[in-house]
file my_file-v7.cif (mmCIF, C-alpha atoms)
data_protein
#
loop_
_atom_site.label_atom_id
_atom_site.label_comp_id
_atom_site.auth_asym_id
_atom_site.auth_seq_id
_atom_site.Cartn_x
_atom_site.Cartn_y
_atom_site.Cartn_z
CA MET S 284 -10.32 28.93 9.29
CA LYS S 285 -8.23 25.96 10.34
CA LYS S 286 -6.47 24.16 7.51
CA LEU S 287 -5.04 20.67 7.15
CA LYS S 288 -3.14 19.01 4.33
CA LEU S 289 -3.68 15.34 3.49
CA ALA S 290 -1.48 13.27 1.17
CA HIS S 291 -3.31 10.43 -0.58
CA LEU S 292 -0.45 8.10 -1.49
CA TYR S 293 -0.64 6.21 -4.80
CA PRO S 294 -4.43 6.13 -5.25
CA LYS S 295 -4.10 4.91 -8.85
CA LEU S 296 -2.51 1.69 -7.57
CA LEU S 297 -3.79 1.20 -4.02
CA ASN S 298 -7.53 1.84 -3.90
CA ILE S 299 -9.69 -1.27 -3.61
CA TYR S 300 -12.81 -2.22 -1.63
CA GLY S 301 -13.95 1.39 -1.35
CA ASP S 302 -10.84 2.80 0.34
CA ILE S 303 -11.50 6.20 -1.31
CA GLY S 304 -14.41 6.48 1.15
CA ASN S 305 -11.87 7.21 3.87
CA ILE S 306 -10.79 10.37 2.04
CA ILE S 307 -14.40 11.43 1.41
CA THR S 308 -15.19 10.99 5.11
CA MET S 309 -12.26 13.14 6.20
CA LYS S 310 -13.20 15.84 3.68
CA LYS S 311 -16.85 15.96 4.75
CA ARG S 312 -16.18 15.90 8.49
CA CYS S 313 -13.76 18.79 8.01
CA GLU S 314 -16.15 20.68 5.73
CA TRP S 315 -19.02 20.39 8.23
CA ARG S 316 -16.78 22.03 10.84
CA GLY S 317 -15.42 24.80 8.65
CA ILE S 318 -11.97 23.19 8.47
CA GLU S 319 -10.24 23.40 5.11
CA LEU S 320 -8.76 20.05 4.08
CA GLU S 321 -6.38 20.17 1.13
CA VAL S 322 -6.09 16.71 -0.44
CA ASN S 323 -3.06 16.04 -2.64
CA GLU S 324 -2.79 12.87 -4.70
CA ILE S 325 0.75 11.53 -4.71
CA ASN S 326 1.48 9.22 -7.63
CA ILE S 327 4.56 7.37 -8.87
CA GLY S 328 7.39 9.83 -9.49
CA ASP S 329 5.84 12.68 -7.48
CA THR S 330 7.53 14.43 -4.60
CA ILE S 331 5.55 14.23 -1.37
CA GLY S 332 6.23 17.33 0.75
CA GLY S 333 5.07 17.85 4.31
CA HIS S 334 1.46 17.04 5.21
CA ASP S 335 -0.59 16.74 8.38
CA ILE S 336 -2.20 13.43 7.39
CA TYR S 337 -1.03 10.62 5.12
CA PHE S 338 -3.36 7.94 3.75
CA ILE S 339 -2.46 4.79 1.81
CA GLY S 340 -5.00 2.18 0.74
CA GLY S 341 -5.01 -1.47 -0.20
CA GLY S 342 -4.13 -3.29 -3.40
CA GLN S 343 -3.02 -6.53 -4.98
CA ASP S 344 0.52 -7.93 -4.84
CA ARG S 345 1.34 -6.57 -8.31
CA GLU S 346 0.49 -3.02 -7.30
CA GLN S 347 2.24 -3.45 -3.95
CA ILE S 348 5.48 -4.34 -5.74
CA GLU S 349 5.48 -1.04 -7.63
CA VAL S 350 4.54 1.01 -4.59
CA SER S 351 7.12 -0.76 -2.42
CA LYS S 352 9.88 0.29 -4.81
CA GLU S 353 8.61 3.87 -4.94
CA LEU S 354 8.25 4.18 -1.17
CA GLN S 355 11.91 3.33 -0.65
CA LYS S 356 12.77 6.70 -2.25
CA HIS S 357 10.75 8.46 0.45
CA LYS S 358 11.48 6.20 3.43
CA SER S 359 13.66 8.61 5.41
CA PHE S 360 11.33 11.54 4.78
CA LEU S 361 8.23 9.63 5.85
CA GLN S 362 9.99 8.37 8.97
CA SER S 363 10.84 11.98 9.84
CA GLU S 364 7.17 12.90 9.31
CA ARG S 365 6.17 10.11 11.69
CA ASP S 366 8.63 11.37 14.28
CA ARG S 367 7.24 14.90 14.13
CA MET S 368 3.86 13.25 14.89
CA ALA S 369 2.14 13.57 11.53
CA VAL S 370 -0.88 11.25 11.26
CA PHE S 371 -0.75 8.13 9.05
CA LEU S 372 -3.51 5.66 8.18
CA GLY S 373 -2.74 2.56 6.11
CA ILE S 374 -5.34 0.03 5.02
CA CYS S 375 -4.50 -3.63 4.21
CA GLY S 376 -1.74 -3.56 1.58
CA GLY S 377 -0.82 -0.03 2.62
CA TYR S 378 -0.71 -1.19 6.24
CA GLN S 379 1.67 -4.00 5.30
CA LEU S 380 4.03 -1.58 3.54
CA MET S 381 4.16 0.64 6.61
CA GLY S 382 5.91 -2.24 8.40
CA HIS S 383 9.34 -3.69 7.68
CA TYR S 384 8.34 -6.04 4.87
CA TYR S 385 5.76 -8.31 3.28
CA GLN S 386 6.97 -11.77 2.25
CA PRO S 387 4.70 -13.27 -0.46
CA HIS S 388 4.53 -17.01 -1.19
CA LYS S 389 6.72 -16.54 -4.25
CA GLY S 390 9.31 -13.92 -4.99
CA ASP S 391 11.35 -11.50 -2.98
CA LYS S 392 10.30 -9.60 0.10
CA LEU S 393 8.46 -6.38 -0.59
CA LEU S 394 10.28 -3.86 1.55
CA GLY S 395 8.25 -1.51 3.69
CA ILE S 396 9.24 1.82 5.22
CA SER S 397 9.32 0.72 8.88
CA LEU S 398 6.93 3.32 10.22
CA LEU S 399 5.60 0.43 12.32
CA ASP S 400 7.65 -2.28 14.01
CA ALA S 401 5.78 -5.05 12.21
CA TYR S 402 6.20 -7.57 9.41
CA THR S 403 3.86 -9.62 7.22
CA VAL S 404 4.15 -13.07 5.65
CA ALA S 405 1.76 -14.72 3.23
CA GLY S 406 -0.58 -17.24 4.82
CA ASN S 407 -2.34 -20.28 3.39
CA LYS S 408 -5.85 -19.15 4.28
CA ARG S 409 -7.74 -16.09 3.12
CA PHE S 410 -9.53 -14.16 5.85
CA ILE S 411 -12.78 -12.73 4.48
CA GLY S 412 -15.65 -11.26 6.46
CA ASN S 413 -16.88 -8.68 8.90
CA VAL S 414 -14.70 -7.58 11.78
CA THR S 415 -15.55 -6.08 15.17
CA ILE S 416 -12.85 -5.09 17.62
CA LYS S 417 -12.66 -3.48 21.06
CA THR S 418 -10.31 -0.54 21.38
CA GLY S 419 -9.22 1.81 24.14
CA LEU S 420 -8.63 4.70 21.75
CA VAL S 421 -12.15 6.04 21.15
CA GLU S 422 -15.76 6.05 22.32
CA PRO S 423 -17.80 4.13 21.31
CA ASP S 424 -15.04 1.61 22.02
CA THR S 425 -15.89 -0.68 19.09
CA LEU S 426 -14.53 -0.47 15.55
CA VAL S 427 -16.05 -2.32 12.61
CA GLY S 428 -14.99 -3.15 9.07
CA PHE S 429 -14.55 -5.84 6.44
CA GLU S 430 -11.34 -7.83 6.00
CA ASN S 431 -10.14 -9.61 2.87
CA HIS S 432 -6.49 -10.67 3.18
CA SER S 433 -4.19 -13.67 3.40
CA GLY S 434 -1.21 -11.82 4.84
CA LEU S 435 -0.31 -12.55 8.45
CA THR S 436 0.97 -9.48 10.28
CA TYR S 437 2.93 -9.64 13.52
CA LEU S 438 3.70 -6.69 15.78
CA GLU S 439 6.94 -6.17 17.68
CA GLY S 440 8.63 -3.65 19.97
CA SER S 441 6.64 -0.54 20.86
CA THR S 442 4.02 -1.06 18.15
CA GLU S 443 0.69 -1.97 19.71
CA PRO S 444 -2.57 -3.26 18.22
CA ILE S 445 -5.46 -0.89 17.69
CA GLY S 446 -7.70 -3.37 19.44
CA LYS S 447 -8.73 -6.92 20.31
CA VAL S 448 -10.81 -9.02 17.92
CA ILE S 449 -14.41 -9.85 18.85
CA ILE S 450 -15.54 -10.96 15.39
CA GLY S 451 -13.17 -11.84 12.56
CA ASN S 452 -9.49 -12.73 12.29
CA GLY S 453 -7.55 -9.48 12.50
CA ASN S 454 -3.79 -9.32 12.05
CA ASN S 455 -3.04 -13.03 11.81
CA GLY S 456 -5.93 -15.11 13.14
CA GLN S 457 -3.79 -16.27 16.05
CA ASP S 458 -3.13 -13.61 18.68
CA ASN S 459 -6.54 -11.90 18.70
CA THR S 460 -5.12 -8.52 17.65
CA GLU S 461 -6.22 -6.17 14.87
CA GLY S 462 -4.34 -3.27 13.40
CA ALA S 463 -1.31 -1.45 14.69
CA ARG S 464 -0.38 1.87 16.24
CA TYR S 465 2.95 3.56 16.89
CA LYS S 466 3.03 7.30 17.65
CA ASN S 467 0.38 8.69 15.25
CA VAL S 468 0.81 5.89 12.69
CA PHE S 469 -2.17 3.54 12.34
CA GLY S 470 -2.65 0.46 10.18
CA THR S 471 -5.64 -1.84 9.85
CA TYR S 472 -7.01 -4.60 7.65
CA MET S 473 -10.51 -3.12 7.81
CA HIS S 474 -11.93 -2.00 4.47
CA GLY S 475 -15.48 -1.19 3.79
CA SER S 476 -14.61 1.79 4.02
CA PHE S 477 -13.11 2.02 7.49
CA LEU S 478 -13.73 5.65 8.46
CA PRO S 479 -17.38 6.01 7.28
CA LYS S 480 -18.25 3.05 9.52
CA ASN S 481 -16.25 4.51 12.41
CA PRO S 482 -16.80 8.28 12.55
CA GLN S 483 -15.37 8.44 16.07
CA PHE S 484 -12.04 7.17 14.73
CA ALA S 485 -12.09 9.70 11.88
CA ASP S 486 -12.50 12.42 14.50
CA TYR S 487 -9.68 10.92 16.57
CA LEU S 488 -7.35 11.25 13.60
CA LEU S 489 -8.50 14.85 13.10
CA GLU S 490 -7.86 15.57 16.78
CA LEU S 491 -4.31 14.26 16.47
CA ALA S 492 -3.71 16.30 13.32
CA LEU S 493 -5.22 19.50 14.72
CA GLY S 494 -3.72 19.19 18.18
CA SER S 495 -7.16 19.79 19.71
CA LYS S 496 -10.53 18.04 19.81
CA PRO S 497 -12.78 19.05 16.90
CA GLU S 498 -16.24 20.33 17.75
CA PRO S 499 -18.86 17.56 17.92
CA LEU S 500 -21.16 16.83 15.01
CA GLU S 501 -24.74 15.58 14.98
CA ASP S 502 -23.88 11.93 14.27
CA THR S 503 -27.14 10.12 14.99
CA ILE S 504 -27.29 8.40 11.59
CA GLU S 505 -23.58 7.63 11.53
CA ASN S 506 -23.70 6.12 15.02
CA LEU S 507 -26.75 4.01 14.15
CA ALA S 508 -24.93 2.70 11.07
CA HIS S 509 -21.90 1.85 13.19
CA ALA S 510 -23.99 0.13 15.87
CA SER S 511 -25.82 -1.98 13.26
CA LEU S 512 -22.49 -3.60 12.31
CA VAL S 513 -21.13 -4.29 15.78
CA GLY S 514 -20.88 -8.05 16.29
CA LYS S 515 -22.18 -8.78 12.79
CA LYS S 516 -20.81 -11.99 11.35
CA TYR S 517 -20.08 -12.61 7.68
#
call {"tool": "encode", "arguments": {"input": "my_file-v7.cif", "output": "structure tokens"}}
result
Amino acid sequence: MKKLKLAHLYPKLLNIYGDIGNIITMKKRCEWRGIELEVNEINIGDTIGGHDIYFIGGGQDREQIEVSKELQKHKSFLQSERDRMAVFLGICGGYQLMGHYYQPHKGDKLLGISLLDAYTVAGNKRFIGNVTIKTGLVEPDTLVGFENHSGLTYLEGSTEPIGKVIIGNGNNGQDNTEGARYKNVFGTYMHGSFLPKNPQFADYLLELALGSKPEPLEDTIENLAHASLVGKKY
């Protein structure tokens, strides 16, 4: 039996808008294939240890402040995990902390861990609604989700967007990009949860973690659910 280890980072602080559904999706899609997925919750004060997949969800500024401070203790280790091609997925607030920093309207910068060459500043408008993007990473080549953020994220260097916005605002509402990818590190503003709505992307993450394509599943219902949201406006 193949086995993977997944670290769920700070779920007691960063877990809003159904982000736990991403973990459930990974567990079920492994279970259906006979792959053992060990999920370890990492909370404040815990050591992390090596994992195949790392997940961090979204939260409010108050929770982000606490997690930002904690992540600095693990910055070098997590960067080394990135460089050995472990898989990371960050959603919204977690995505922001995987960049260099998030600058709120008031207060100091919340330092990130620079897994992505990106930074975020607080905007004056809140982006709320359904999102559809086109991506070259998976088939079907659409990804769908629900955004609810006022942060404006900008990508630099070798960090590339996951896709181009068809519906919604994406990273900043200006450059038509959504999400970010560098090596096997992925960030997105799409909640809802992201992976249940995009089973092909969940399998892409598993492929990267396993080093080989997982066997296909009978995804008729999942694909119909995904298709029903493509191009859907708020």
call {"tool": "closest_residue", "arguments": {"input": "my_file-v7.cif", "among": "S:Glu430, S:Asp335, S:Glu364, S:Asp344", "to": "S:His474", "atoms": "only C-alpha atoms"}}
result
S:Glu430
call {"tool": "closest_residue", "arguments": {"input": "my_file-v7.cif", "among": "S:Ile449, S:Leu289, S:Leu398, S:Ala405", "to": "S:Asp424", "atoms": "only C-alpha atoms"}}
result
S:Ile449
call {"tool": "resolve_selection", "arguments": {"input": "my_file-v7.cif", "expression": "the PyMOL selection byres ((chain S and resi 399) around 6)", "output": "PyMOL selection string"}}
result
chain S and resi 381-382+397-398+400-401
call {"tool": "write_last_selection", "arguments": {"input": "my_file-v7.cif", "atoms": "C-alpha atoms", "output": "short mmCIF file (atom, residue, chain, number, x, y, z; two decimals), in the frame of the given file"}}
result
data_model
loop_
_atom_site.label_atom_id
_atom_site.label_comp_id
_atom_site.auth_asym_id
_atom_site.auth_seq_id
_atom_site.Cartn_x
_atom_site.Cartn_y
_atom_site.Cartn_z
CA MET S 381 4.16 0.64 6.61
CA GLY S 382 5.91 -2.24 8.40
CA SER S 397 9.32 0.72 8.88
CA LEU S 398 6.93 3.32 10.22
CA ASP S 400 7.65 -2.28 14.01
CA ALA S 401 5.78 -5.05 12.21
#
call {"tool": "resolve_selection", "arguments": {"input": "my_file-v7.cif", "expression": "the PyMOL selection byres ((chain S and resi 417) around 6)", "output": "ChimeraX atom specification"}}
result
/S:416,418,424-425,446-447
call {"tool": "write_last_selection", "arguments": {"input": "my_file-v7.cif", "atoms": "C-alpha atoms", "output": "PDB file, in the coordinates of the input"}}
result
ATOM      1  CA  ILE S 416     -12.850  -5.090  17.620  1.00  0.00           C
ATOM      2  CA  THR S 418     -10.310  -0.540  21.380  1.00  0.00           C
ATOM      3  CA  ASP S 424     -15.040   1.610  22.020  1.00  0.00           C
ATOM      4  CA  THR S 425     -15.890  -0.680  19.090  1.00  0.00           C
ATOM      5  CA  GLY S 446      -7.700  -3.370  19.440  1.00  0.00           C
ATOM      6  CA  LYS S 447      -8.730  -6.920  20.310  1.00  0.00           C
TER       7      LYS S 447
END
call {"tool": "closest_residue", "arguments": {"input": "my_file-v7.cif", "among": "S:Asp302, S:Glu319, S:Asp329, S:Glu498", "to": "S:Gly341", "atoms": "all atoms listed in the file"}}
result
S:Asp302
call {"tool": "atom_distance", "arguments": {"input": "my_file-v7.cif", "atom1": "atom CA of S:Tyr402", "atom2": "atom CA of S:Ala369"}}
result
21.6 Å
call {"tool": "resolve_selection", "arguments": {"input": "my_file-v7.cif", "expression": "the PyMOL selection byres ((chain S and resi 432-443) around 8)", "output": "ChimeraX atom specification"}}
result
/S:375,379,385,399-411,430-431,444-445,454-456,463-465,472
call {"tool": "residues_around", "arguments": {"input": "my_file-v7.cif", "residues": "S:Ile336", "least_positions_apart": "5", "cutoff": "9 Å", "atoms": "all atoms listed in the file", "output": "PyMOL selection string"}}
result
chain S and resi 287-291+369-372+488-489+492
call {"tool": "atom_distance", "arguments": {"input": "my_file-v7.cif", "atom1": "atom CA of S:Gly453", "atom2": "atom CA of S:Val414"}}
result
7.4 Å
call {"tool": "atom_distance", "arguments": {"input": "my_file-v7.cif", "atom1": "atom CA of S:Ile348", "atom2": "atom CA of S:His383"}}
result
14.0 Å
call {"tool": "residues_around", "arguments": {"input": "my_file-v7.cif", "residues": "S:Leu507", "least_positions_apart": "3", "cutoff": "12 Å", "atoms": "all atoms listed in the file", "output": "list in words"}}
result
Pro423, Pro479, Lys480, Asn481, Pro482, Glu501, Asp502, Thr503, Ile504, Ala510, Ser511, Leu512 and Val513 of chain S
call {"tool": "write_last_selection", "arguments": {"input": "my_file-v7.cif", "atoms": "C-alpha atoms", "output": "PDB file, in the frame of the given file"}}
result
ATOM      1  CA  PRO S 423     -17.800   4.130  21.310  1.00  0.00           C
ATOM      2  CA  PRO S 479     -17.380   6.010   7.280  1.00  0.00           C
ATOM      3  CA  LYS S 480     -18.250   3.050   9.520  1.00  0.00           C
ATOM      4  CA  ASN S 481     -16.250   4.510  12.410  1.00  0.00           C
ATOM      5  CA  PRO S 482     -16.800   8.280  12.550  1.00  0.00           C
ATOM      6  CA  GLU S 501     -24.740  15.580  14.980  1.00  0.00           C
ATOM      7  CA  ASP S 502     -23.880  11.930  14.270  1.00  0.00           C
ATOM      8  CA  THR S 503     -27.140  10.120  14.990  1.00  0.00           C
ATOM      9  CA  ILE S 504     -27.290   8.400  11.590  1.00  0.00           C
ATOM     10  CA  ALA S 510     -23.990   0.130  15.870  1.00  0.00           C
ATOM     11  CA  SER S 511     -25.820  -1.980  13.260  1.00  0.00           C
ATOM     12  CA  LEU S 512     -22.490  -3.600  12.310  1.00  0.00           C
ATOM     13  CA  VAL S 513     -21.130  -4.290  15.780  1.00  0.00           C
TER      14      VAL S 513
END
call {"tool": "residues_around", "arguments": {"input": "my_file-v7.cif", "residues": "S:His357", "least_positions_apart": "4", "cutoff": "8 Å", "atoms": "only C-alpha atoms", "output": "ChimeraX atom specification"}}
result
/S:331,353,361
call {"tool": "closest_residue", "arguments": {"input": "my_file-v7.cif", "among": "S:Gln347, S:Asn459, S:Thr308, S:Asn413", "to": "S:Glu505", "atoms": "all atoms listed in the file"}}
result
S:Thr308
call {"tool": "closest_residue", "arguments": {"input": "my_file-v7.cif", "among": "S:Phe469, S:Gly333, S:Asp458, S:Gly428", "to": "S:Arg367", "atoms": "only C-alpha atoms"}}
result
S:Gly333
call {"tool": "decode", "arguments": {"input": "my_file-v7.cif", "residues": "stretch 478-489 of chain S", "atoms": "all heavy atoms", "output": "PDB file, in the first residue's frame"}}
result
ATOM      1  N   LEU S 478     -10.915  21.939  -3.277  1.00  0.00           N
ATOM      2  CA  LEU S 478     -10.648  20.635  -3.878  1.00  0.00           C
ATOM      3  C   LEU S 478     -11.912  19.810  -4.167  1.00  0.00           C
ATOM      4  O   LEU S 478     -11.949  19.120  -5.187  1.00  0.00           O
ATOM      5  CB  LEU S 478      -9.671  19.838  -3.012  1.00  0.00           C
ATOM      6  CG  LEU S 478      -8.262  20.435  -2.926  1.00  0.00           C
ATOM      7  CD1 LEU S 478      -7.359  19.554  -2.070  1.00  0.00           C
ATOM      8  CD2 LEU S 478      -7.648  20.638  -4.313  1.00  0.00           C
ATOM      9  N   PRO S 479     -12.960  19.832  -3.317  1.00  0.00           N
ATOM     10  CA  PRO S 479     -14.173  19.098  -3.698  1.00  0.00           C
ATOM     11  C   PRO S 479     -14.774  19.585  -5.014  1.00  0.00           C
ATOM     12  O   PRO S 479     -15.351  18.797  -5.769  1.00  0.00           O
ATOM     13  CB  PRO S 479     -15.127  19.354  -2.528  1.00  0.00           C
ATOM     14  CG  PRO S 479     -14.256  19.679  -1.385  1.00  0.00           C
ATOM     15  CD  PRO S 479     -13.073  20.392  -1.963  1.00  0.00           C
ATOM     16  N   LYS S 480     -14.642  20.874  -5.291  1.00  0.00           N
ATOM     17  CA  LYS S 480     -15.183  21.436  -6.532  1.00  0.00           C
ATOM     18  C   LYS S 480     -14.270  21.189  -7.729  1.00  0.00           C
ATOM     19  O   LYS S 480     -14.677  21.372  -8.871  1.00  0.00           O
ATOM     20  CB  LYS S 480     -15.398  22.949  -6.381  1.00  0.00           C
ATOM     21  CG  LYS S 480     -16.490  23.332  -5.393  1.00  0.00           C
ATOM     22  CD  LYS S 480     -16.645  24.839  -5.335  1.00  0.00           C
ATOM     23  CE  LYS S 480     -17.789  25.240  -4.419  1.00  0.00           C
ATOM     24  NZ  LYS S 480     -17.980  26.708  -4.365  1.00  0.00           N
ATOM     25  N   ASN S 481     -13.033  20.786  -7.439  1.00  0.00           N
ATOM     26  CA  ASN S 481     -12.032  20.606  -8.492  1.00  0.00           C
ATOM     27  C   ASN S 481     -11.275  19.288  -8.282  1.00  0.00           C
ATOM     28  O   ASN S 481     -10.080  19.303  -7.953  1.00  0.00           O
ATOM     29  CB  ASN S 481     -11.060  21.789  -8.487  1.00  0.00           C
ATOM     30  CG  ASN S 481     -11.766  23.127  -8.691  1.00  0.00           C
ATOM     31  OD1 ASN S 481     -12.170  23.461  -9.801  1.00  0.00           O
ATOM     32  ND2 ASN S 481     -11.929  23.884  -7.611  1.00  0.00           N
ATOM     33  N   PRO S 482     -11.952  18.150  -8.457  1.00  0.00           N
ATOM     34  CA  PRO S 482     -11.295  16.870  -8.177  1.00  0.00           C
ATOM     35  C   PRO S 482     -10.061  16.630  -9.036  1.00  0.00           C
ATOM     36  O   PRO S 482      -9.126  15.940  -8.610  1.00  0.00           O
ATOM     37  CB  PRO S 482     -12.393  15.835  -8.460  1.00  0.00           C
ATOM     38  CG  PRO S 482     -13.356  16.533  -9.378  1.00  0.00           C
ATOM     39  CD  PRO S 482     -13.329  17.964  -8.939  1.00  0.00           C
ATOM     40  N   GLN S 483     -10.037  17.201 -10.231  1.00  0.00           N
ATOM     41  CA  GLN S 483      -8.866  17.025 -11.090  1.00  0.00           C
ATOM     42  C   GLN S 483      -7.636  17.702 -10.504  1.00  0.00           C
ATOM     43  O   GLN S 483      -6.498  17.240 -10.715  1.00  0.00           O
ATOM     44  CB  GLN S 483      -9.160  17.537 -12.517  1.00  0.00           C
ATOM     45  CG  GLN S 483      -9.136  19.044 -12.733  1.00  0.00           C
ATOM     46  CD  GLN S 483     -10.413  19.763 -12.340  1.00  0.00           C
ATOM     47  OE1 GLN S 483     -11.085  19.371 -11.392  1.00  0.00           O
ATOM     48  NE2 GLN S 483     -10.754  20.832 -13.072  1.00  0.00           N
ATOM     49  N   PHE S 484      -7.838  18.778  -9.744  1.00  0.00           N
ATOM     50  CA  PHE S 484      -6.703  19.448  -9.113  1.00  0.00           C
ATOM     51  C   PHE S 484      -6.248  18.673  -7.877  1.00  0.00           C
ATOM     52  O   PHE S 484      -5.052  18.598  -7.588  1.00  0.00           O
ATOM     53  CB  PHE S 484      -7.045  20.889  -8.740  1.00  0.00           C
ATOM     54  CG  PHE S 484      -5.832  21.747  -8.526  1.00  0.00           C
ATOM     55  CD1 PHE S 484      -5.196  22.346  -9.604  1.00  0.00           C
ATOM     56  CD2 PHE S 484      -5.306  21.954  -7.259  1.00  0.00           C
ATOM     57  CE1 PHE S 484      -4.062  23.124  -9.425  1.00  0.00           C
ATOM     58  CE2 PHE S 484      -4.166  22.733  -7.068  1.00  0.00           C
ATOM     59  CZ  PHE S 484      -3.537  23.312  -8.156  1.00  0.00           C
ATOM     60  N   ALA S 485      -7.204  18.087  -7.148  1.00  0.00           N
ATOM     61  CA  ALA S 485      -6.835  17.228  -6.024  1.00  0.00           C
ATOM     62  C   ALA S 485      -5.952  16.079  -6.512  1.00  0.00           C
ATOM     63  O   ALA S 485      -4.936  15.741  -5.893  1.00  0.00           O
ATOM     64  CB  ALA S 485      -8.089  16.686  -5.339  1.00  0.00           C
ATOM     65  N   ASP S 486      -6.324  15.493  -7.639  1.00  0.00           N
ATOM     66  CA  ASP S 486      -5.532  14.384  -8.185  1.00  0.00           C
ATOM     67  C   ASP S 486      -4.175  14.858  -8.699  1.00  0.00           C
ATOM     68  O   ASP S 486      -3.191  14.116  -8.660  1.00  0.00           O
ATOM     69  CB  ASP S 486      -6.300  13.690  -9.310  1.00  0.00           C
ATOM     70  CG  ASP S 486      -7.409  12.799  -8.773  1.00  0.00           C
ATOM     71  OD1 ASP S 486      -7.507  12.633  -7.548  1.00  0.00           O
ATOM     72  OD2 ASP S 486      -8.184  12.268  -9.603  1.00  0.00           O
ATOM     73  N   TYR S 487      -4.115  16.091  -9.182  1.00  0.00           N
ATOM     74  CA  TYR S 487      -2.832  16.657  -9.617  1.00  0.00           C
ATOM     75  C   TYR S 487      -1.880  16.791  -8.434  1.00  0.00           C
ATOM     76  O   TYR S 487      -0.689  16.446  -8.528  1.00  0.00           O
ATOM     77  CB  TYR S 487      -3.084  18.014 -10.269  1.00  0.00           C
ATOM     78  CG  TYR S 487      -1.847  18.734 -10.754  1.00  0.00           C
ATOM     79  CD1 TYR S 487      -0.956  18.123 -11.635  1.00  0.00           C
ATOM     80  CD2 TYR S 487      -1.573  20.029 -10.349  1.00  0.00           C
ATOM     81  CE1 TYR S 487       0.179  18.797 -12.089  1.00  0.00           C
ATOM     82  CE2 TYR S 487      -0.451  20.711 -10.804  1.00  0.00           C
ATOM     83  CZ  TYR S 487       0.416  20.080 -11.669  1.00  0.00           C
ATOM     84  OH  TYR S 487       1.545  20.741 -12.118  1.00  0.00           O
ATOM     85  N   LEU S 488      -2.397  17.242  -7.301  1.00  0.00           N
ATOM     86  CA  LEU S 488      -1.567  17.331  -6.104  1.00  0.00           C
ATOM     87  C   LEU S 488      -1.102  15.947  -5.654  1.00  0.00           C
ATOM     88  O   LEU S 488       0.053  15.767  -5.254  1.00  0.00           O
ATOM     89  CB  LEU S 488      -2.334  18.021  -4.970  1.00  0.00           C
ATOM     90  CG  LEU S 488      -2.776  19.466  -5.208  1.00  0.00           C
ATOM     91  CD1 LEU S 488      -3.489  20.009  -3.970  1.00  0.00           C
ATOM     92  CD2 LEU S 488      -1.599  20.357  -5.572  1.00  0.00           C
ATOM     93  N   LEU S 489      -1.997  14.958  -5.728  1.00  0.00           N
ATOM     94  CA  LEU S 489      -1.611  13.589  -5.364  1.00  0.00           C
ATOM     95  C   LEU S 489      -0.540  13.059  -6.313  1.00  0.00           C
ATOM     96  O   LEU S 489       0.398  12.379  -5.878  1.00  0.00           O
ATOM     97  CB  LEU S 489      -2.838  12.681  -5.388  1.00  0.00           C
ATOM     98  CG  LEU S 489      -3.840  12.863  -4.251  1.00  0.00           C
ATOM     99  CD1 LEU S 489      -5.038  11.951  -4.458  1.00  0.00           C
ATOM    100  CD2 LEU S 489      -3.177  12.570  -2.905  1.00  0.00           C
TER     101      LEU S 489
END
